[in-house]
file start_7.csv (CSV, C-alpha atoms)
chain,number,residue,atom,x,y,z
A,573,MET,CA,51.6,-24.5,59.0
A,574,GLN,CA,51.3,-20.8,59.0
A,575,LEU,CA,54.5,-18.9,58.7
A,576,PRO,CA,55.3,-16.3,61.4
A,577,PRO,CA,55.6,-12.8,59.8
A,578,ALA,CA,59.3,-12.5,60.7
A,579,VAL,CA,60.1,-15.8,59.1
A,580,GLU,CA,58.0,-15.0,56.0
A,581,THR,CA,60.0,-11.7,55.7
A,582,ARG,CA,63.3,-13.6,55.9
A,583,PHE,CA,62.2,-16.1,53.3
A,584,GLU,CA,60.8,-13.3,51.1
A,585,SER,CA,64.1,-11.5,51.3
A,586,ARG,CA,66.2,-14.6,50.4
A,587,VAL,CA,63.9,-15.3,47.4
A,588,ARG,CA,64.2,-11.7,46.3
A,589,GLU,CA,68.0,-11.8,46.5
A,590,VAL,CA,68.1,-14.9,44.4
A,591,LEU,CA,65.8,-13.4,41.8
A,592,SER,CA,67.6,-10.1,41.7
A,593,ALA,CA,70.7,-11.9,40.6
A,594,LEU,CA,68.7,-13.7,37.9
A,595,ASN,CA,66.4,-10.8,36.8
A,596,VAL,CA,68.5,-9.9,33.7
A,597,VAL,CA,68.9,-13.4,32.6
A,598,LEU,CA,65.4,-14.8,32.8
A,599,PRO,CA,62.1,-13.6,31.4
A,600,PRO,CA,59.5,-12.2,33.9
A,601,GLU,CA,57.2,-15.3,33.7
A,602,ARG,CA,60.1,-17.6,34.6
A,603,LEU,CA,61.0,-15.3,37.5
A,604,GLN,CA,57.5,-15.3,38.8
A,605,ARG,CA,57.3,-19.1,38.7
A,606,LEU,CA,60.7,-19.5,40.4
A,607,ARG,CA,59.6,-17.0,43.1
A,608,LEU,CA,56.6,-19.2,43.9
A,609,GLU,CA,58.7,-22.4,43.8
A,610,TYR,CA,61.5,-21.1,46.0
A,611,PHE,CA,59.2,-19.6,48.5
A,612,GLU,CA,57.1,-22.8,48.7
A,613,HIS,CA,60.3,-24.8,49.2
A,614,LEU,CA,61.5,-22.7,52.1
A,615,ALA,CA,58.1,-22.7,53.7
A,616,GLY,CA,57.9,-26.5,53.3
A,617,ARG,CA,61.3,-27.1,54.8
A,618,TYR,CA,60.4,-24.8,57.7
A,619,ASP,CA,57.5,-27.0,58.5
A,620,ASP,CA,59.8,-30.1,58.3
A,621,PHE,CA,62.3,-28.5,60.8
A,622,ARG,CA,59.5,-27.3,63.1
A,623,ARG,CA,58.1,-30.8,63.2
A,624,SER,CA,61.5,-32.2,64.0
A,625,GLY,CA,61.5,-30.1,67.2
A,626,LEU,CA,63.4,-26.9,66.2
A,627,ASP,CA,62.1,-23.5,67.4
A,628,GLU,CA,61.0,-20.9,65.0
A,629,ALA,CA,64.3,-19.1,64.6
A,630,ALA,CA,66.3,-22.3,64.3
A,631,ALA,CA,63.9,-23.8,61.8
A,632,ALA,CA,64.1,-20.7,59.7
A,633,GLU,CA,67.9,-20.7,59.8
A,634,ALA,CA,68.0,-24.4,59.0
A,635,SER,CA,65.7,-23.9,56.0
A,636,LEU,CA,67.8,-21.1,54.6
A,637,THR,CA,71.0,-23.0,55.2
A,638,SER,CA,69.8,-26.1,53.5
A,639,PHE,CA,68.4,-24.0,50.6
A,640,GLY,CA,71.8,-22.4,49.8
A,641,THR,CA,73.1,-18.9,49.5
A,642,GLU,CA,71.5,-16.6,47.0
A,643,GLN,CA,74.7,-16.6,44.9
A,644,MET,CA,74.9,-20.3,44.8
A,645,VAL,CA,71.3,-20.8,43.8
A,646,ALA,CA,71.3,-18.0,41.2
A,647,ASP,CA,74.6,-19.2,39.7
A,648,SER,CA,73.3,-22.8,39.3
A,649,PHE,CA,70.1,-21.6,37.6
A,650,SER,CA,72.0,-19.1,35.4
A,651,LEU,CA,74.4,-21.7,34.2
A,652,ALA,CA,71.6,-24.2,33.5
A,653,TRP,CA,69.6,-21.6,31.6
A,654,GLN,CA,72.5,-20.7,29.4
A,655,GLU,CA,73.2,-24.3,28.6
A,656,LEU,CA,69.6,-24.6,27.3
A,657,ARG,CA,70.1,-21.9,24.6
A,658,PRO,CA,71.6,-23.0,21.3
A,659,GLU,CA,74.3,-20.5,21.6
A,660,GLY,CA,75.0,-21.8,25.2
A,661,HIS,CA,78.5,-23.0,24.7
A,662,ILE,CA,79.7,-19.8,23.1
A,663,VAL,CA,77.9,-17.8,25.8
A,664,ALA,CA,79.5,-20.0,28.5
A,665,LYS,CA,82.9,-19.3,27.1
A,666,LEU,CA,82.5,-15.5,26.5
A,667,GLY,CA,79.9,-14.6,29.1
A,668,THR,CA,76.4,-13.5,28.3
A,669,GLY,CA,77.1,-9.8,27.9
A,670,PRO,CA,80.2,-10.0,25.6
A,671,ALA,CA,78.6,-12.8,23.5
A,672,ALA,CA,75.4,-10.7,23.1
A,673,ALA,CA,77.3,-7.6,22.2
A,674,ILE,CA,79.5,-9.3,19.6
A,675,GLY,CA,76.6,-11.3,18.2
A,676,ILE,CA,74.2,-8.5,17.8
A,677,ALA,CA,76.8,-5.9,16.6
A,678,GLY,CA,78.0,-8.6,14.2
A,679,CYS,CA,74.5,-9.0,12.7
A,680,ALA,CA,74.2,-5.2,12.3
A,681,GLN,CA,77.7,-5.2,10.7
A,682,ALA,CA,76.6,-7.9,8.3
A,683,VAL,CA,73.5,-5.9,7.2
A,684,CYS,CA,75.6,-2.7,6.7
A,685,VAL,CA,78.3,-4.5,4.8
A,686,GLY,CA,75.7,-6.2,2.7
A,687,LEU,CA,74.2,-2.8,1.8
A,688,LEU,CA,77.7,-1.5,1.2
A,689,PHE,CA,78.7,-4.2,-1.2
A,690,TYR,CA,75.4,-3.8,-3.0
A,691,ARG,CA,76.2,-0.1,-3.5
A,692,ILE,CA,79.8,-0.9,-4.7
A,693,TRP,CA,79.1,-3.7,-7.0
A,694,PHE,CA,75.7,-2.7,-8.2
A,695,PRO,CA,75.9,1.1,-8.4
A,696,PRO,CA,72.7,3.0,-9.0
A,697,LEU,CA,71.5,3.3,-12.6
A,698,THR,CA,73.9,0.6,-13.9
A,699,PRO,CA,72.9,0.1,-17.5
A,700,LEU,CA,72.4,-3.3,-18.9
A,701,VAL,CA,75.7,-4.2,-20.5
A,702,ARG,CA,76.9,-7.0,-22.8
A,703,VAL,CA,79.3,-9.7,-21.5
A,704,GLY,CA,82.9,-8.9,-22.4
A,705,THR,CA,82.5,-5.1,-22.8
A,706,PRO,CA,84.6,-2.8,-20.6
A,707,GLN,CA,81.4,-1.8,-18.9
A,708,PHE,CA,80.7,-5.4,-17.9
A,709,GLN,CA,84.2,-5.9,-16.5
A,710,GLY,CA,83.7,-2.7,-14.5
A,711,MET,CA,80.6,-4.2,-12.8
A,712,TRP,CA,82.8,-7.0,-11.2
A,713,LEU,CA,85.5,-4.7,-10.0
A,714,PRO,CA,85.0,-2.2,-7.2
A,715,THR,CA,83.9,1.2,-8.5
A,716,ILE,CA,83.6,4.4,-6.6
A,717,ALA,CA,80.0,5.0,-5.4
A,718,PRO,CA,80.4,8.5,-4.0
A,719,LEU,CA,78.5,9.4,-0.9
A,720,PRO,CA,76.1,11.1,-0.7
A,721,ASP,CA,74.0,10.3,-3.7
A,722,LEU,CA,70.2,10.2,-4.1
A,723,ASP,CA,69.7,6.5,-4.8
A,724,LEU,CA,67.3,4.4,-2.6
A,725,SER,CA,70.2,2.2,-1.5
A,726,THR,CA,71.9,5.3,0.0
A,727,TYR,CA,68.9,6.0,2.2
A,728,VAL,CA,68.6,2.4,3.3
A,729,PHE,CA,72.3,2.2,4.0
A,730,TRP,CA,72.3,5.4,6.1
A,731,SER,CA,69.1,4.4,7.9
A,732,ALA,CA,70.6,1.1,8.9
A,733,LEU,CA,73.8,2.8,9.9
A,734,MET,CA,72.0,5.2,12.2
A,735,LEU,CA,69.5,2.7,13.7
A,736,ALA,CA,72.0,-0.1,14.3
A,737,PRO,CA,73.7,1.1,17.5
A,738,LEU,CA,70.4,2.0,19.1
A,739,LEU,CA,69.1,-1.6,18.5
A,740,ILE,CA,72.5,-3.1,19.5
A,741,GLY,CA,72.5,-1.2,22.8
A,742,TRP,CA,68.8,-1.9,23.6
A,743,TRP,CA,69.1,-5.6,22.9
A,744,CYS,CA,72.4,-6.0,24.8
A,745,GLY,CA,71.1,-4.1,27.7
A,746,ARG,CA,68.3,-6.6,28.0
A,747,LEU,CA,70.5,-9.7,27.7
A,748,ALA,CA,73.7,-8.8,29.5
A,749,PRO,CA,73.7,-9.4,33.3
A,750,ALA,CA,76.1,-6.5,33.9
A,751,GLY,CA,78.4,-4.1,32.1
A,752,ALA,CA,76.3,-3.9,29.0
A,753,PRO,CA,77.4,-0.3,28.0
A,754,LEU,CA,81.1,-1.2,28.0
A,755,GLN,CA,80.4,-4.5,26.3
A,756,CYS,CA,78.4,-2.7,23.5
A,757,ALA,CA,81.2,-0.2,23.1
A,758,VAL,CA,83.8,-2.9,22.7
A,759,GLY,CA,81.5,-4.8,20.3
A,760,CYS,CA,81.1,-1.7,18.1
A,761,ALA,CA,84.8,-0.9,18.3
A,762,VAL,CA,85.5,-4.4,17.0
A,763,MET,CA,83.1,-3.9,14.1
A,764,ALA,CA,84.8,-0.5,13.3
A,765,GLY,CA,88.0,-2.4,13.0
A,766,VAL,CA,86.4,-5.0,10.7
A,767,SER,CA,85.1,-2.1,8.5
A,768,ALA,CA,88.6,-0.6,8.4
A,769,LEU,CA,90.0,-3.9,7.3
A,770,LEU,CA,87.2,-4.1,4.7
A,771,GLN,CA,88.4,-0.8,3.3
A,772,THR,CA,91.7,-2.4,2.3
A,773,LEU,CA,89.8,-5.0,0.3
A,774,THR,CA,87.4,-2.6,-1.4
A,775,SER,CA,89.8,0.2,-2.3
A,776,PRO,CA,89.4,2.5,-4.2
A,777,ALA,CA,85.8,2.6,-3.1
A,778,THR,CA,85.7,4.7,0.1
A,779,ASP,CA,82.4,3.6,1.5
A,780,ALA,CA,84.0,1.2,4.0
A,781,THR,CA,86.0,4.1,5.4
A,782,VAL,CA,82.8,6.0,5.9
A,783,LEU,CA,81.3,3.0,7.7
A,784,ALA,CA,84.4,2.6,9.9
A,785,LEU,CA,84.3,6.3,10.8
A,786,VAL,CA,80.6,6.3,11.6
A,787,GLN,CA,81.0,3.2,13.8
A,788,ALA,CA,84.0,4.7,15.7
A,789,THR,CA,82.4,8.1,16.3
A,790,TYR,CA,78.7,7.3,16.5
A,791,TRP,CA,78.0,3.6,17.1
A,792,ILE,CA,80.3,3.3,20.1
A,793,PRO,CA,78.7,6.1,22.2
A,794,ALA,CA,75.2,5.6,20.9
A,795,ALA,CA,75.2,1.9,21.6
A,796,ALA,CA,76.6,2.4,25.1
A,797,VAL,CA,73.9,5.0,26.0
A,798,SER,CA,71.2,2.9,24.5
A,799,ALA,CA,72.4,-0.1,26.6
A,800,LEU,CA,72.4,2.0,29.7
A,801,PHE,CA,68.8,3.1,29.2
A,802,SER,CA,67.7,-0.4,28.2
A,803,ARG,CA,69.2,-1.9,31.4
A,804,LYS,CA,67.6,0.8,33.6
A,805,PHE,CA,64.2,0.2,31.9
A,806,LYS,CA,64.5,-3.6,32.4
A,807,LEU,CA,65.5,-3.3,36.0
A,808,PHE,CA,62.7,-0.9,36.7
A,809,ARG,CA,60.2,-3.2,35.0
A,810,GLN,CA,61.4,-6.3,36.9
A,811,ARG,CA,61.7,-4.5,40.2
A,812,ALA,CA,58.0,-3.9,40.0
A,813,ILE,CA,57.4,-7.7,39.7
A,814,LEU,CA,59.8,-8.5,42.5
A,815,LEU,CA,58.5,-6.0,44.9
A,816,HIS,CA,55.2,-7.8,45.1
A,817,ASP,CA,54.4,-8.9,48.6
A,818,VAL,CA,55.0,-12.6,48.9
A,819,SER,CA,51.8,-12.9,50.8
A,820,ASP,CA,50.1,-12.4,47.4
A,821,LEU,CA,51.3,-15.8,46.3
A,822,PRO,CA,48.4,-17.6,44.7
A,823,ARG,CA,46.5,-20.3,46.6
A,824,LEU,CA,44.6,-22.9,44.6
A,825,GLN,CA,41.6,-23.9,46.5
P,1482,MET,CA,83.1,-28.0,53.3
P,1483,GLY,CA,85.5,-30.8,54.1
P,1484,GLN,CA,87.5,-32.7,51.5
P,1485,ARG,CA,85.2,-35.7,51.7
P,1486,ASP,CA,82.2,-33.4,51.2
P,1487,GLU,CA,83.8,-31.8,48.2
P,1488,VAL,CA,84.3,-35.2,46.6
P,1489,THR,CA,80.8,-36.2,47.4
P,1490,ALA,CA,79.5,-32.9,45.9
P,1491,ALA,CA,81.5,-33.3,42.7
P,1492,LEU,CA,80.2,-36.9,42.2
P,1493,LEU,CA,76.7,-35.8,43.0
P,1494,ARG,CA,76.8,-33.0,40.4
P,1495,GLY,CA,77.3,-35.6,37.7
P,1496,SER,CA,74.5,-37.8,38.9
P,1497,ALA,CA,71.9,-35.2,39.9
P,1498,THR,CA,69.8,-35.8,36.8
P,1499,LEU,CA,69.8,-39.5,37.5
P,1500,LEU,CA,68.7,-39.0,41.1
P,1501,ILE,CA,65.9,-36.7,40.1
P,1502,LEU,CA,64.6,-38.8,37.3
P,1503,SER,CA,64.7,-41.9,39.5
P,1504,THR,CA,62.8,-40.2,42.3
P,1505,LEU,CA,60.2,-39.0,39.8
P,1506,ARG,CA,59.6,-42.6,38.7
P,1507,GLN,CA,57.3,-42.8,41.8
P,1508,GLY,CA,54.9,-40.3,40.3
P,1509,PRO,CA,54.4,-36.5,40.2
P,1510,LEU,CA,56.5,-34.7,42.9
P,1511,ALA,CA,57.3,-31.1,43.7
P,1512,GLY,CA,60.9,-30.0,44.1
P,1513,ILE,CA,60.7,-30.1,47.9
P,1514,ASP,CA,59.3,-33.6,47.8
P,1515,ILE,CA,62.1,-34.8,45.6
P,1516,VAL,CA,64.6,-33.3,48.1
P,1517,ARG,CA,62.7,-34.9,51.0
P,1518,ASN,CA,62.8,-38.3,49.2
P,1519,ILE,CA,66.5,-38.1,48.5
P,1520,ASN,CA,67.3,-37.0,52.0
P,1521,THR,CA,65.2,-39.8,53.4
P,1522,VAL,CA,67.0,-42.4,51.3
P,1523,ALA,CA,70.4,-40.9,51.9
P,1524,GLY,CA,69.8,-40.2,55.6
P,1525,GLY,CA,71.5,-36.8,55.3
P,1526,THR,CA,74.8,-38.3,53.9
P,1527,LEU,CA,74.4,-36.2,50.7
P,1528,ALA,CA,75.3,-32.6,51.3
P,1529,PHE,CA,73.8,-30.5,48.6
P,1530,LYS,CA,72.1,-27.1,48.5
P,1531,GLU,CA,68.4,-27.7,47.9
P,1532,GLY,CA,67.8,-24.5,46.0
P,1533,THR,CA,70.0,-25.7,43.2
P,1534,ILE,CA,67.5,-28.6,42.4
P,1535,TYR,CA,65.3,-26.1,40.6
P,1536,SER,CA,67.9,-25.3,37.9
P,1537,ALA,CA,68.0,-29.1,37.2
P,1538,LEU,CA,64.2,-29.4,37.1
P,1539,HIS,CA,63.7,-26.5,34.8
P,1540,GLN,CA,66.4,-27.8,32.5
P,1541,LEU,CA,64.8,-31.2,32.4
P,1542,GLU,CA,61.5,-29.6,31.6
P,1543,GLU,CA,63.0,-27.5,28.8
P,1544,ASN,CA,64.5,-30.7,27.4
P,1545,GLU,CA,61.0,-32.4,27.6
P,1546,LEU,CA,62.2,-35.0,30.0
P,1547,VAL,CA,59.6,-33.9,32.6
P,1548,THR,CA,56.4,-31.8,32.6
P,1549,SER,CA,55.1,-29.7,35.4
P,1550,GLU,CA,51.9,-28.1,36.6
P,1551,TRP,CA,50.6,-26.3,39.7
P,1552,VAL,CA,48.7,-28.6,42.1
P,1553,VAL,CA,47.4,-28.3,45.6
P,1554,ALA,CA,47.0,-30.9,48.3
P,1555,ASP,CA,43.5,-32.1,49.2
P,1556,GLY,CA,43.4,-30.1,52.4
P,1557,GLY,CA,44.1,-26.8,50.5
P,1558,GLY,CA,47.1,-24.6,51.2
P,1559,ARG,CA,49.8,-23.3,49.0
P,1560,ALA,CA,50.1,-24.4,45.4
P,1561,LYS,CA,53.1,-26.6,44.5
P,1562,ARG,CA,54.7,-27.1,41.1
P,1563,ALA,CA,54.6,-30.9,40.6
P,1564,TYR,CA,56.9,-32.5,38.1
P,1565,THR,CA,56.1,-35.7,36.1
P,1566,LEU,CA,58.3,-37.9,34.0
P,1567,THR,CA,57.5,-37.9,30.3
P,1568,PRO,CA,58.1,-41.0,28.1
P,1569,LYS,CA,61.2,-39.4,26.8
P,1570,GLY,CA,62.3,-38.9,30.5
P,1571,ILE,CA,61.8,-42.6,31.2
P,1572,GLU,CA,64.0,-43.5,28.2
P,1573,GLU,CA,66.6,-41.0,29.5
P,1574,LEU,CA,66.4,-42.5,33.0
P,1575,ASP,CA,67.0,-46.0,31.6
P,1576,ARG,CA,69.9,-44.8,29.5
P,1577,ARG,CA,71.5,-43.0,32.4
P,1578,ALA,CA,70.9,-45.9,34.8
P,1579,GLN,CA,72.6,-48.2,32.4
P,1580,ALA,CA,75.5,-45.8,32.0
P,1581,TRP,CA,75.8,-45.5,35.8
P,1582,ARG,CA,75.8,-49.3,36.2
P,1583,SER,CA,78.6,-49.6,33.6
P,1584,VAL,CA,80.7,-46.9,35.3
P,1585,THR,CA,80.2,-48.2,38.9
P,1586,ALA,CA,81.1,-51.7,37.6
P,1587,LEU,CA,84.2,-50.4,36.0
P,1588,VAL,CA,85.2,-48.4,39.1
P,1589,TRP,CA,84.6,-51.5,41.2
P,1590,ALA,CA,86.7,-53.6,38.9
P,1591,VAL,CA,89.6,-51.2,38.9
P,1592,THR,CA,89.6,-50.1,42.5
P,1593,GLY,CA,88.1,-53.1,44.2
P,1594,VAL,CA,85.8,-50.8,46.1
P,1595,ASN,CA,82.5,-52.5,46.8
P,1596,PRO,CA,79.7,-50.5,45.1
P,1597,THR,CA,77.1,-51.6,47.6
P,1598,PRO,CA,76.3,-48.4,49.5
P,1599,LYS,CA,76.3,-48.3,53.3
P,1600,LEU,CA,73.2,-46.2,53.9
P,1601,PRO,CA,72.1,-45.4,57.4
P,1602,ASP,CA,69.2,-47.4,59.0
P,1603,ARG,CA,65.8,-46.0,58.2
call {"tool": "encode", "arguments": {"input": "start_7.csv", "output": "structure tokens"}}
result
Amino acid sequence: MQLPPAVETRFESRVREVLSALNVVLPPERLQRLRLEYFEHLAGRYDDFRRSGLDEAAAAEASLTSFGTEQMVADSFSLAWQELRPEGHIVAKLGTGPAAAIGIAGCAQAVCVGLLFYRIWFPPLTPLVRVGTPQFQGMWLPTIAPLPDLDLSTYVFWSALMLAPLLIGWWCGRLAPAGAPLQCAVGCAVMAGVSALLQTLTSPATDATVLALVQATYWIPAAAVSALFSRKFKLFRQRAILLHDVSDLPRLQ
Amino acid sequence: MGQRDEVTAALLRGSATLLILSTLRQGPLAGIDIVRNINTVAGGTLAFKEGTIYSALHQLEENELVTSEWVVADGGGRAKRAYTLTPKGIEELDRRAQAWRSVTALVWAVTGVNPTPKLPDR
């Protein structure tokens, strides 16, 4: 049965509303498939209600009512989707955004701390030393590795430190359904706290203080701005998909 | 939603997978056909929002209990995504059906409520 244009527009609008609520959670190909399935479902139910004797408006209304509200349908899909991911239980507890922010910032922190420890325990140009000598003992105790120095590990450390918040923000902006900038800022603040704690363990080396300061003054704003741009970019890209005319839905002949 | 409907919805949430897998035992079906089938059997006594069935179907597919493909009826028209039970899905269906039988038998034994459903005439 051919859908009247007014009914098609109503169905298209409902499908778009559902997908808008899901568009930061699902990849574009999944959204496209759902778009086709939801629309086909509504059109099929409209046919059922028309055959049962309802007029056009009543059949459209009944189809939409039996389908469910956009929030209800989107929530059910979003929850099911999260449960499928290995990290689903943590995500379900924390929420997608905070879990992504903490998880990604935590990975960046692990990389930076790894580099930091490498610099502290294996300072540049450490000579080969014999077991039992004072030099050997010094290798296993924290020693000061002053910043800046010209060792390769310094460049790697600083590069990781500068790039990390941009990656954290970009990735979180893609994963978090809402509030990604704030969640990234909180995630980075937590990591700055971890670095400050680390300083007490690695004293007298001062590198962890540098890490904590960089995180507090650079990571937090940089990650937030990066998340903002990432989210805007993602919404812009997915909007282009969602704004397709539903009449373009493929027909297999 | 009345209190009775809420209870029905809560019970239904736990058995949605069993209902879907059981319906798919007939052969490949699209989401809308599964809904029609369940509605026909239940005669409208099950109050659930049809749009939510797709979350369950996609979840089943990700868990490899069903597969899906686009198909079109012989007369042409819009394409439908038809879902088919996999061997793993059949095993899961048997497992869930067995569990359901155990639970209903237990509830019957404790409450004395006859599990034979009173479905409307078809």
call {"tool": "atom_distance", "arguments": {"input": "start_7.csv", "atom1": "CA of Glu584 in chain A", "atom2": "CA of Phe611 in chain A"}}
result
7.0 Å
call {"tool": "closest_atom_pairs", "arguments": {"input": "start_7.csv", "of": "chain P", "to": "chain A", "cutoff": "12 Å", "atoms": "all atoms listed in the file", "output": "tab-separated table"}}
result
residue	atom	partner	partner_atom	distance
P:Arg1494	CA	A:Ser648	CA	10.8
P:Ala1511	CA	A:Glu609	CA	8.8
P:Gly1512	CA	A:His613	CA	7.3
P:Ile1513	CA	A:His613	CA	5.5
P:Asp1514	CA	A:His613	CA	9.0
P:Ile1515	CA	A:His613	CA	10.8
P:Val1516	CA	A:His613	CA	9.6
P:Arg1517	CA	A:Arg617	CA	8.8
P:Asn1520	CA	A:Ser638	CA	11.3
P:Gly1525	CA	A:Ser638	CA	11.0
P:Leu1527	CA	A:Ser638	CA	11.4
P:Ala1528	CA	A:Ser638	CA	8.8
P:Phe1529	CA	A:Ser638	CA	7.7
P:Lys1530	CA	A:Gly640	CA	4.9
P:Glu1531	CA	A:Phe639	CA	4.6
P:Gly1532	CA	A:Phe639	CA	4.7
P:Thr1533	CA	A:Val645	CA	5.1
P:Ile1534	CA	A:Ser648	CA	8.8
P:Tyr1535	CA	A:Phe649	CA	7.2
P:Ser1536	CA	A:Phe649	CA	4.3
P:Ala1537	CA	A:Ala652	CA	7.1
P:Leu1538	CA	A:Ala652	CA	9.7
P:His1539	CA	A:Trp653	CA	8.3
P:Gln1540	CA	A:Ala652	CA	6.4
P:Leu1541	CA	A:Leu656	CA	9.6
P:Glu1542	CA	A:Leu656	CA	10.4
P:Glu1543	CA	A:Leu656	CA	7.4
P:Asn1544	CA	A:Leu656	CA	8.0
P:Glu1545	CA	A:Leu656	CA	11.6
P:Ser1549	CA	A:Arg605	CA	11.3
P:Glu1550	CA	A:Arg605	CA	10.7
P:Trp1551	CA	A:Leu824	CA	8.5
P:Val1552	CA	A:Leu824	CA	7.5
P:Val1553	CA	A:Leu824	CA	6.2
P:Ala1554	CA	A:Gln825	CA	9.0
P:Asp1555	CA	A:Gln825	CA	8.8
P:Gly1556	CA	A:Gln825	CA	8.7
P:Gly1557	CA	A:Gln825	CA	5.5
P:Gly1558	CA	A:Arg823	CA	6.3
P:Arg1559	CA	A:Arg823	CA	5.1
P:Ala1560	CA	A:Arg823	CA	5.6
P:Lys1561	CA	A:Glu612	CA	6.9
P:Arg1562	CA	A:Glu609	CA	6.7
P:Ala1563	CA	A:Glu609	CA	10.0
P:Tyr1564	CA	A:Glu609	CA	11.7
call {"tool": "residues_around", "arguments": {"input": "start_7.csv", "residues": "Ala631 in chain A", "least_positions_apart": "4", "cutoff": "7 Å", "atoms": "all atoms listed in the file", "output": "list in words"}}
result
Tyr618, Phe621, Arg622, Leu626, Asp627 and Ser635 of chain A
call {"tool": "atom_distance", "arguments": {"input": "start_7.csv", "atom1": "CA of Gly625 in chain A", "atom2": "CA of Gly1524 in chain P"}}
result
17.5 Å
call {"tool": "closest_residue", "arguments": {"input": "start_7.csv", "among": "P:Leu1499, P:Val1547, P:Leu1505, P:Val1522", "to": "Gln1579 in chain P", "atoms": "all atoms listed in the file"}}
result
P:Leu1499
call {"tool": "atom_distance", "arguments": {"input": "start_7.csv", "atom1": "CA of Lys806 in chain A", "atom2": "CA of Val786 in chain A"}}
result
28.1 Å
call {"tool": "residues_around", "arguments": {"input": "start_7.csv", "residues": "Ala673 in chain A", "least_positions_apart": "4", "cutoff": "12 Å", "atoms": "only C-alpha atoms", "output": "PyMOL selection string"}}
result
chain A and resi 663+666-669+677-681+737+739-763+792+795-796+799
call {"tool": "closest_residue", "arguments": {"input": "start_7.csv", "among": "P:Trp1581, P:Trp1589, P:Ser1503, P:Thr1548", "to": "Thr1565 in chain P", "atoms": "all atoms listed in the file"}}
result
P:Thr1548
call {"tool": "closest_residue", "arguments": {"input": "start_7.csv", "among": "P:Gly1495, P:Ala1523, P:Leu1574, P:Ala1586", "to": "Leu1546 in chain P", "atoms": "all atoms listed in the file"}}
result
P:Leu1574
call {"tool": "decode", "arguments": {"input": "start_7.csv", "residues": "range 625-629 of chain A", "atoms": "all heavy atoms", "output": "PDB file, in the first residue's frame"}}
result
ATOM      1  N   GLY A 625      -9.683  -1.288   8.979  1.00  0.00           N
ATOM      2  CA  GLY A 625     -10.810  -0.360   8.844  1.00  0.00           C
ATOM      3  C   GLY A 625     -10.555   1.052   9.339  1.00  0.00           C
ATOM      4  O   GLY A 625     -11.443   1.902   9.245  1.00  0.00           O
ATOM      5  N   LEU A 626      -9.360   1.345   9.863  1.00  0.00           N
ATOM      6  CA  LEU A 626      -9.088   2.707  10.339  1.00  0.00           C
ATOM      7  C   LEU A 626      -8.831   3.646   9.165  1.00  0.00           C
ATOM      8  O   LEU A 626      -8.341   3.216   8.111  1.00  0.00           O
ATOM      9  CB  LEU A 626      -7.860   2.720  11.261  1.00  0.00           C
ATOM     10  CG  LEU A 626      -7.957   1.945  12.577  1.00  0.00           C
ATOM     11  CD1 LEU A 626      -6.670   2.125  13.382  1.00  0.00           C
ATOM     12  CD2 LEU A 626      -9.154   2.399  13.396  1.00  0.00           C
ATOM     13  N   ASP A 627      -9.173   4.922   9.358  1.00  0.00           N
ATOM     14  CA  ASP A 627      -8.861   5.885   8.290  1.00  0.00           C
ATOM     15  C   ASP A 627      -7.367   6.243   8.348  1.00  0.00           C
ATOM     16  O   ASP A 627      -6.642   5.803   9.257  1.00  0.00           O
ATOM     17  CB  ASP A 627      -9.746   7.134   8.394  1.00  0.00           C
ATOM     18  CG  ASP A 627      -9.513   7.904   9.685  1.00  0.00           C
ATOM     19  OD1 ASP A 627      -8.395   7.839  10.221  1.00  0.00           O
ATOM     20  OD2 ASP A 627     -10.449   8.567  10.173  1.00  0.00           O
ATOM     21  N   GLU A 628      -6.923   7.046   7.397  1.00  0.00           N
ATOM     22  CA  GLU A 628      -5.476   7.329   7.271  1.00  0.00           C
ATOM     23  C   GLU A 628      -4.878   7.893   8.549  1.00  0.00           C
ATOM     24  O   GLU A 628      -3.857   7.415   9.043  1.00  0.00           O
ATOM     25  CB  GLU A 628      -5.238   8.304   6.119  1.00  0.00           C
ATOM     26  CG  GLU A 628      -5.387   7.673   4.761  1.00  0.00           C
ATOM     27  CD  GLU A 628      -5.101   8.651   3.627  1.00  0.00           C
ATOM     28  OE1 GLU A 628      -4.750   9.815   3.930  1.00  0.00           O
ATOM     29  OE2 GLU A 628      -5.233   8.245   2.466  1.00  0.00           O
ATOM     30  N   ALA A 629      -5.530   8.917   9.099  1.00  0.00           N
ATOM     31  CA  ALA A 629      -4.972   9.587  10.281  1.00  0.00           C
ATOM     32  C   ALA A 629      -4.940   8.630  11.475  1.00  0.00           C
ATOM     33  O   ALA A 629      -3.936   8.553  12.203  1.00  0.00           O
ATOM     34  CB  ALA A 629      -5.796  10.828  10.614  1.00  0.00           C
TER      35      ALA A 629
END
